[in-house]
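Undergrad: Enclosed is the structure file protein-v8.cif (mmCIF, N, CA and C atoms).
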data_final
loop_
_atom_site.label_atom_id
_atom_site.label_comp_id
_atom_site.auth_asym_id
_atom_site.auth_seq_id
_atom_site.Cartn_x
_atom_site.Cartn_y
_atom_site.Cartn_z
N MET A 1 3.18 -1.88 -22.30
CA MET A 1 3.75 -0.65 -21.80
C MET A 1 3.21 -0.39 -20.39
N HIS A 2 4.09 -0.08 -19.47
CA HIS A 2 3.71 0.16 -18.08
C HIS A 2 3.67 1.65 -17.81
N ALA A 3 2.50 2.15 -17.51
CA ALA A 3 2.36 3.57 -17.21
C ALA A 3 2.61 3.79 -15.72
N SER A 4 3.33 4.84 -15.39
CA SER A 4 3.59 5.11 -13.98
C SER A 4 2.37 5.79 -13.37
N MET A 5 2.24 5.62 -12.07
CA MET A 5 1.12 6.20 -11.35
C MET A 5 1.46 7.64 -11.02
N ASN A 6 0.60 8.55 -11.37
CA ASN A 6 0.83 9.94 -10.98
C ASN A 6 -0.32 10.42 -10.13
N SER A 7 -0.33 11.68 -9.78
CA SER A 7 -1.33 12.20 -8.85
C SER A 7 -2.74 12.14 -9.41
N THR A 8 -2.90 12.01 -10.70
CA THR A 8 -4.25 11.97 -11.27
C THR A 8 -4.65 10.58 -11.75
N THR A 9 -3.79 9.60 -11.54
CA THR A 9 -4.09 8.24 -11.97
C THR A 9 -5.30 7.69 -11.22
N VAL A 10 -6.22 7.11 -11.95
CA VAL A 10 -7.37 6.44 -11.36
C VAL A 10 -7.11 4.95 -11.50
N PHE A 11 -7.41 4.21 -10.49
CA PHE A 11 -7.21 2.77 -10.58
C PHE A 11 -8.43 2.05 -10.06
N THR A 12 -8.53 0.79 -10.41
CA THR A 12 -9.63 -0.06 -9.99
C THR A 12 -9.14 -0.99 -8.89
N LEU A 13 -9.92 -1.14 -7.88
CA LEU A 13 -9.60 -2.09 -6.82
C LEU A 13 -10.16 -3.44 -7.24
N LYS A 14 -9.37 -4.17 -8.02
CA LYS A 14 -9.83 -5.46 -8.56
C LYS A 14 -9.87 -6.52 -7.48
N ASN A 15 -10.87 -7.37 -7.59
CA ASN A 15 -11.05 -8.49 -6.67
C ASN A 15 -11.16 -8.05 -5.22
N VAL A 16 -11.67 -6.84 -5.01
CA VAL A 16 -11.93 -6.32 -3.67
C VAL A 16 -13.44 -6.19 -3.54
N PRO A 17 -14.00 -6.65 -2.42
CA PRO A 17 -15.44 -6.49 -2.25
C PRO A 17 -15.86 -5.03 -2.45
N THR A 18 -16.95 -4.82 -3.17
CA THR A 18 -17.41 -3.47 -3.50
C THR A 18 -17.56 -2.59 -2.27
N GLU A 19 -18.14 -3.15 -1.22
CA GLU A 19 -18.36 -2.37 0.00
C GLU A 19 -17.04 -1.87 0.58
N LEU A 20 -16.02 -2.73 0.60
CA LEU A 20 -14.71 -2.34 1.12
C LEU A 20 -14.05 -1.31 0.22
N ALA A 21 -14.12 -1.51 -1.10
CA ALA A 21 -13.53 -0.55 -2.04
C ALA A 21 -14.18 0.81 -1.89
N ASN A 22 -15.50 0.84 -1.77
CA ASN A 22 -16.20 2.11 -1.61
C ASN A 22 -15.83 2.80 -0.29
N ALA A 23 -15.71 2.01 0.78
CA ALA A 23 -15.32 2.57 2.08
C ALA A 23 -13.90 3.14 2.01
N PHE A 24 -12.99 2.44 1.32
CA PHE A 24 -11.61 2.92 1.16
C PHE A 24 -11.59 4.24 0.41
N ARG A 25 -12.32 4.30 -0.70
CA ARG A 25 -12.38 5.54 -1.49
C ARG A 25 -12.93 6.69 -0.65
N ALA A 26 -14.01 6.42 0.10
CA ALA A 26 -14.63 7.45 0.93
C ALA A 26 -13.67 7.92 2.03
N ALA A 27 -12.95 6.98 2.65
CA ALA A 27 -12.00 7.34 3.71
C ALA A 27 -10.86 8.20 3.15
N CYS A 28 -10.36 7.83 1.99
CA CYS A 28 -9.30 8.63 1.36
C CYS A 28 -9.80 10.04 1.08
N HIS A 29 -10.99 10.12 0.51
CA HIS A 29 -11.57 11.42 0.16
C HIS A 29 -11.77 12.26 1.42
N LEU A 30 -12.32 11.66 2.47
CA LEU A 30 -12.59 12.36 3.72
C LEU A 30 -11.31 12.94 4.32
N ASN A 31 -10.22 12.19 4.21
CA ASN A 31 -8.94 12.65 4.76
C ASN A 31 -8.13 13.49 3.78
N GLY A 32 -8.65 13.72 2.59
CA GLY A 32 -7.95 14.54 1.61
C GLY A 32 -6.67 13.91 1.10
N LYS A 33 -6.64 12.58 1.06
CA LYS A 33 -5.44 11.88 0.59
C LYS A 33 -5.74 11.13 -0.69
N ARG A 34 -4.70 10.89 -1.44
CA ARG A 34 -4.82 10.11 -2.67
C ARG A 34 -4.67 8.63 -2.32
N TYR A 35 -5.30 7.78 -3.15
CA TYR A 35 -5.23 6.33 -2.91
C TYR A 35 -3.79 5.86 -2.76
N ARG A 36 -2.94 6.32 -3.67
CA ARG A 36 -1.53 5.87 -3.67
C ARG A 36 -0.86 6.21 -2.35
N GLU A 37 -1.11 7.41 -1.85
CA GLU A 37 -0.51 7.86 -0.60
C GLU A 37 -0.94 6.95 0.56
N VAL A 38 -2.22 6.62 0.61
CA VAL A 38 -2.74 5.77 1.68
C VAL A 38 -2.19 4.36 1.54
N LEU A 39 -2.16 3.84 0.32
CA LEU A 39 -1.62 2.49 0.11
C LEU A 39 -0.16 2.41 0.52
N LEU A 40 0.62 3.43 0.19
CA LEU A 40 2.03 3.44 0.59
C LEU A 40 2.17 3.47 2.11
N GLU A 41 1.32 4.24 2.79
CA GLU A 41 1.34 4.27 4.26
C GLU A 41 1.04 2.89 4.82
N CYS A 42 0.01 2.25 4.28
CA CYS A 42 -0.37 0.92 4.75
C CYS A 42 0.73 -0.10 4.48
N MET A 43 1.31 -0.05 3.30
CA MET A 43 2.36 -0.99 2.94
C MET A 43 3.58 -0.81 3.85
N THR A 44 3.94 0.45 4.12
CA THR A 44 5.08 0.74 4.98
C THR A 44 4.84 0.21 6.38
N ALA A 45 3.66 0.46 6.92
CA ALA A 45 3.33 -0.02 8.27
C ALA A 45 3.34 -1.54 8.32
N TYR A 46 2.84 -2.18 7.29
CA TYR A 46 2.79 -3.64 7.24
C TYR A 46 4.20 -4.23 7.20
N VAL A 47 5.05 -3.66 6.38
CA VAL A 47 6.44 -4.15 6.29
C VAL A 47 7.15 -3.96 7.62
N LYS A 48 6.96 -2.82 8.27
CA LYS A 48 7.59 -2.59 9.58
C LYS A 48 7.11 -3.61 10.60
N GLN A 49 5.81 -3.91 10.57
CA GLN A 49 5.23 -4.89 11.49
C GLN A 49 5.88 -6.26 11.27
N VAL A 50 6.04 -6.64 10.03
CA VAL A 50 6.64 -7.94 9.72
C VAL A 50 8.12 -7.95 10.09
N GLU A 51 8.81 -6.83 9.85
CA GLU A 51 10.23 -6.77 10.21
C GLU A 51 10.42 -6.90 11.72
N GLU A 52 9.50 -6.34 12.51
CA GLU A 52 9.56 -6.50 13.96
C GLU A 52 9.37 -7.97 14.34
N ARG A 53 8.46 -8.64 13.66
CA ARG A 53 8.23 -10.07 13.91
C ARG A 53 9.49 -10.86 13.56
N ILE A 54 10.13 -10.50 12.46
CA ILE A 54 11.36 -11.17 12.04
C ILE A 54 12.42 -11.04 13.13
N LYS A 55 12.57 -9.84 13.67
CA LYS A 55 13.56 -9.62 14.73
C LYS A 55 13.22 -10.44 15.97
N ARG A 56 11.93 -10.43 16.35
CA ARG A 56 11.49 -11.16 17.54
C ARG A 56 11.68 -12.66 17.41
N GLU A 57 11.32 -13.19 16.27
CA GLU A 57 11.30 -14.64 16.09
C GLU A 57 12.57 -15.19 15.45
N GLY A 58 13.45 -14.29 15.03
CA GLY A 58 14.70 -14.74 14.44
C GLY A 58 14.53 -15.49 13.13
N ILE A 59 13.55 -15.09 12.33
CA ILE A 59 13.35 -15.74 11.03
C ILE A 59 14.07 -14.93 9.95
N PRO A 60 14.31 -15.55 8.79
CA PRO A 60 15.05 -14.84 7.73
C PRO A 60 14.39 -13.52 7.36
N ALA A 61 15.21 -12.53 7.12
CA ALA A 61 14.74 -11.18 6.79
C ALA A 61 14.04 -11.15 5.44
N LEU A 62 13.21 -10.13 5.28
CA LEU A 62 12.52 -9.93 4.00
C LEU A 62 13.55 -9.57 2.94
N LYS A 63 13.37 -10.11 1.77
CA LYS A 63 14.23 -9.76 0.65
C LYS A 63 13.51 -8.68 -0.15
N ARG A 64 14.18 -7.57 -0.33
CA ARG A 64 13.58 -6.47 -1.08
C ARG A 64 14.30 -6.26 -2.38
N SER A 65 13.50 -6.02 -3.38
CA SER A 65 14.04 -5.67 -4.69
C SER A 65 13.52 -4.28 -5.01
N VAL A 66 14.34 -3.30 -4.76
CA VAL A 66 13.93 -1.91 -4.96
C VAL A 66 14.80 -1.32 -6.06
N SER A 67 14.12 -0.82 -7.08
CA SER A 67 14.87 -0.22 -8.18
C SER A 67 15.29 1.19 -7.80
N ALA A 68 16.24 1.73 -8.49
CA ALA A 68 16.73 3.08 -8.24
C ALA A 68 15.68 4.13 -8.57
N ASN A 69 14.66 3.75 -9.33
CA ASN A 69 13.63 4.70 -9.73
C ASN A 69 12.58 4.93 -8.65
N ASN A 70 12.55 4.12 -7.61
CA ASN A 70 11.50 4.26 -6.58
C ASN A 70 11.90 5.21 -5.50
#
Take the structure in the file and give it back as structure tokens.
TA:
Amino acid sequence: MHASMNSTTVFTLKNVPTELANAFRAACHLNGKRYREVLLECMTAYVKQVEERIKREGIPALKRSVSANN
């Protein structure tokens, strides 16, 4: 069963160096943001960066599979 992430969901940063995970948690807390919100910001910025590279270099576009629930 897959539980959806909500505003109170706690998650573990698996296979992430402890020092980096702790710094990420502290940065989120300092900025008053939830982990999910920050991760979505980072993911969005990363995808935009890659899409710009795709346009510049003329390589095949990213294929996205986005469900209607997102």
Undergrad: Distance atom CA of A:Arg36-atom N of A:Ala61, one decimal place?
TA: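 Between atom CA of A:Arg36 and atom N of A:Ala61 the gap is 27.1 Å.
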Undergrad: So the first atom is atom N of A:Asn15 and the second is atom CA of A:Gly32; what is the distance between them in Å, to one decimal place?
TA: 23.9 Å
Undergrad: Report as a PyMOL selection string: the residues of stretch 16-67 of chain A with a DSSP assignment of alpha helix (DSSP H), based on the backbone of this structure.
TA: chain A and resi 18-30+35-57
Undergrad: Work out how far apart atom CA of A:Ala23 and atom CA of A:Met43 are and give it in Å to one decimal.
TA: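 Value for the atom CA of A:Ala23-atom CA of A:Met43 distance: 18.1 Å.
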Undergrad: Selecting N, CA, C and O atoms, how would stretch 17-41 of chain A from this structure be written as a PDB file, in the first residue's frame?
TA:
ATOM      1  N   PRO A  17      24.466  10.909   2.997  1.00  0.00           N
ATOM      2  CA  PRO A  17      25.383  11.107   4.115  1.00  0.00           C
ATOM      3  C   PRO A  17      24.695  11.860   5.263  1.00  0.00           C
ATOM      4  O   PRO A  17      23.965  12.826   5.030  1.00  0.00           O
ATOM      5  N   THR A  18      24.917  11.401   6.480  1.00  0.00           N
ATOM      6  CA  THR A  18      24.256  11.971   7.654  1.00  0.00           C
ATOM      7  C   THR A  18      24.445  13.481   7.741  1.00  0.00           C
ATOM      8  O   THR A  18      23.500  14.222   8.013  1.00  0.00           O
ATOM      9  N   GLU A  19      25.664  13.931   7.498  1.00  0.00           N
ATOM     10  CA  GLU A  19      25.944  15.370   7.590  1.00  0.00           C
ATOM     11  C   GLU A  19      25.091  16.166   6.604  1.00  0.00           C
ATOM     12  O   GLU A  19      24.550  17.221   6.937  1.00  0.00           O
ATOM     13  N   LEU A  20      24.949  15.667   5.374  1.00  0.00           N
ATOM     14  CA  LEU A  20      24.130  16.353   4.372  1.00  0.00           C
ATOM     15  C   LEU A  20      22.658  16.307   4.750  1.00  0.00           C
ATOM     16  O   LEU A  20      21.948  17.305   4.632  1.00  0.00           O
ATOM     17  N   ALA A  21      22.172  15.154   5.206  1.00  0.00           N
ATOM     18  CA  ALA A  21      20.769  15.031   5.613  1.00  0.00           C
ATOM     19  C   ALA A  21      20.455  15.988   6.752  1.00  0.00           C
ATOM     20  O   ALA A  21      19.419  16.669   6.737  1.00  0.00           O
ATOM     21  N   ASN A  22      21.351  16.069   7.728  1.00  0.00           N
ATOM     22  CA  ASN A  22      21.130  16.976   8.853  1.00  0.00           C
ATOM     23  C   ASN A  22      21.138  18.437   8.410  1.00  0.00           C
ATOM     24  O   ASN A  22      20.337  19.247   8.880  1.00  0.00           O
ATOM     25  N   ALA A  23      22.049  18.787   7.499  1.00  0.00           N
ATOM     26  CA  ALA A  23      22.110  20.153   6.981  1.00  0.00           C
ATOM     27  C   ALA A  23      20.833  20.493   6.210  1.00  0.00           C
ATOM     28  O   ALA A  23      20.301  21.606   6.319  1.00  0.00           O
ATOM     29  N   PHE A  24      20.316  19.540   5.434  1.00  0.00           N
ATOM     30  CA  PHE A  24      19.076  19.745   4.682  1.00  0.00           C
ATOM     31  C   PHE A  24      17.912  19.987   5.631  1.00  0.00           C
ATOM     32  O   PHE A  24      17.139  20.928   5.468  1.00  0.00           O
ATOM     33  N   ARG A  25      17.797  19.146   6.656  1.00  0.00           N
ATOM     34  CA  ARG A  25      16.723  19.307   7.638  1.00  0.00           C
ATOM     35  C   ARG A  25      16.818  20.667   8.325  1.00  0.00           C
ATOM     36  O   ARG A  25      15.819  21.363   8.501  1.00  0.00           O
ATOM     37  N   ALA A  26      18.040  21.056   8.720  1.00  0.00           N
ATOM     38  CA  ALA A  26      18.242  22.336   9.400  1.00  0.00           C
ATOM     39  C   ALA A  26      17.886  23.505   8.483  1.00  0.00           C
ATOM     40  O   ALA A  26      17.245  24.471   8.913  1.00  0.00           O
ATOM     41  N   ALA A  27      18.278  23.424   7.209  1.00  0.00           N
ATOM     42  CA  ALA A  27      17.979  24.493   6.259  1.00  0.00           C
ATOM     43  C   ALA A  27      16.474  24.625   6.037  1.00  0.00           C
ATOM     44  O   ALA A  27      15.947  25.740   5.982  1.00  0.00           O
ATOM     45  N   CYS A  28      15.796  23.504   5.916  1.00  0.00           N
ATOM     46  CA  CYS A  28      14.332  23.540   5.756  1.00  0.00           C
ATOM     47  C   CYS A  28      13.687  24.192   6.967  1.00  0.00           C
ATOM     48  O   CYS A  28      12.825  25.067   6.841  1.00  0.00           O
ATOM     49  N   HIS A  29      14.118  23.766   8.146  1.00  0.00           N
ATOM     50  CA  HIS A  29      13.560  24.300   9.390  1.00  0.00           C
ATOM     51  C   HIS A  29      13.818  25.798   9.492  1.00  0.00           C
ATOM     52  O   HIS A  29      12.924  26.576   9.828  1.00  0.00           O
ATOM     53  N   LEU A  30      15.039  26.225   9.193  1.00  0.00           N
ATOM     54  CA  LEU A  30      15.416  27.626   9.272  1.00  0.00           C
ATOM     55  C   LEU A  30      14.543  28.493   8.358  1.00  0.00           C
ATOM     56  O   LEU A  30      14.144  29.597   8.725  1.00  0.00           O
ATOM     57  N   ASN A  31      14.229  27.966   7.181  1.00  0.00           N
ATOM     58  CA  ASN A  31      13.414  28.712   6.217  1.00  0.00           C
ATOM     59  C   ASN A  31      11.921  28.498   6.413  1.00  0.00           C
ATOM     60  O   ASN A  31      11.116  29.027   5.644  1.00  0.00           O
ATOM     61  N   GLY A  32      11.534  27.696   7.392  1.00  0.00           N
ATOM     62  CA  GLY A  32      10.115  27.468   7.656  1.00  0.00           C
ATOM     63  C   GLY A  32       9.415  26.702   6.551  1.00  0.00           C
ATOM     64  O   GLY A  32       8.217  26.877   6.323  1.00  0.00           O
ATOM     65  N   LYS A  33      10.154  25.840   5.867  1.00  0.00           N
ATOM     66  CA  LYS A  33       9.567  25.066   4.769  1.00  0.00           C
ATOM     67  C   LYS A  33       9.567  23.597   5.110  1.00  0.00           C
ATOM     68  O   LYS A  33      10.363  23.115   5.903  1.00  0.00           O
ATOM     69  N   ARG A  34       8.670  22.880   4.483  1.00  0.00           N
ATOM     70  CA  ARG A  34       8.599  21.434   4.655  1.00  0.00           C
ATOM     71  C   ARG A  34       9.541  20.780   3.642  1.00  0.00           C
ATOM     72  O   ARG A  34       9.801  21.321   2.576  1.00  0.00           O
ATOM     73  N   TYR A  35      10.041  19.586   4.008  1.00  0.00           N
ATOM     74  CA  TYR A  35      10.970  18.868   3.123  1.00  0.00           C
ATOM     75  C   TYR A  35      10.393  18.725   1.722  1.00  0.00           C
ATOM     76  O   TYR A  35      11.066  18.967   0.727  1.00  0.00           O
ATOM     77  N   ARG A  36       9.126  18.322   1.652  1.00  0.00           N
ATOM     78  CA  ARG A  36       8.483  18.076   0.353  1.00  0.00           C
ATOM     79  C   ARG A  36       8.502  19.335  -0.508  1.00  0.00           C
ATOM     80  O   ARG A  36       8.801  19.284  -1.694  1.00  0.00           O
ATOM     81  N   GLU A  37       8.203  20.468   0.108  1.00  0.00           N
ATOM     82  CA  GLU A  37       8.175  21.742  -0.612  1.00  0.00           C
ATOM     83  C   GLU A  37       9.554  22.059  -1.198  1.00  0.00           C
ATOM     84  O   GLU A  37       9.677  22.450  -2.366  1.00  0.00           O
ATOM     85  N   VAL A  38      10.591  21.871  -0.405  1.00  0.00           N
ATOM     86  CA  VAL A  38      11.951  22.154  -0.857  1.00  0.00           C
ATOM     87  C   VAL A  38      12.363  21.172  -1.948  1.00  0.00           C
ATOM     88  O   VAL A  38      12.956  21.558  -2.963  1.00  0.00           O
ATOM     89  N   LEU A  39      12.040  19.899  -1.761  1.00  0.00           N
ATOM     90  CA  LEU A  39      12.389  18.904  -2.781  1.00  0.00           C
ATOM     91  C   LEU A  39      11.695  19.206  -4.101  1.00  0.00           C
ATOM     92  O   LEU A  39      12.300  19.079  -5.171  1.00  0.00           O
ATOM     93  N   LEU A  40      10.440  19.610  -4.052  1.00  0.00           N
ATOM     94  CA  LEU A  40       9.727  19.960  -5.284  1.00  0.00           C
ATOM     95  C   LEU A  40      10.363  21.167  -5.962  1.00  0.00           C
ATOM     96  O   LEU A  40      10.471  21.204  -7.192  1.00  0.00           O
ATOM     97  N   GLU A  41      10.790  22.159  -5.176  1.00  0.00           N
ATOM     98  CA  GLU A  41      11.480  23.321  -5.747  1.00  0.00           C
ATOM     99  C   GLU A  41      12.764  22.880  -6.445  1.00  0.00           C
ATOM    100  O   GLU A  41      13.049  23.314  -7.567  1.00  0.00           O
TER     101      GLU A  41
END
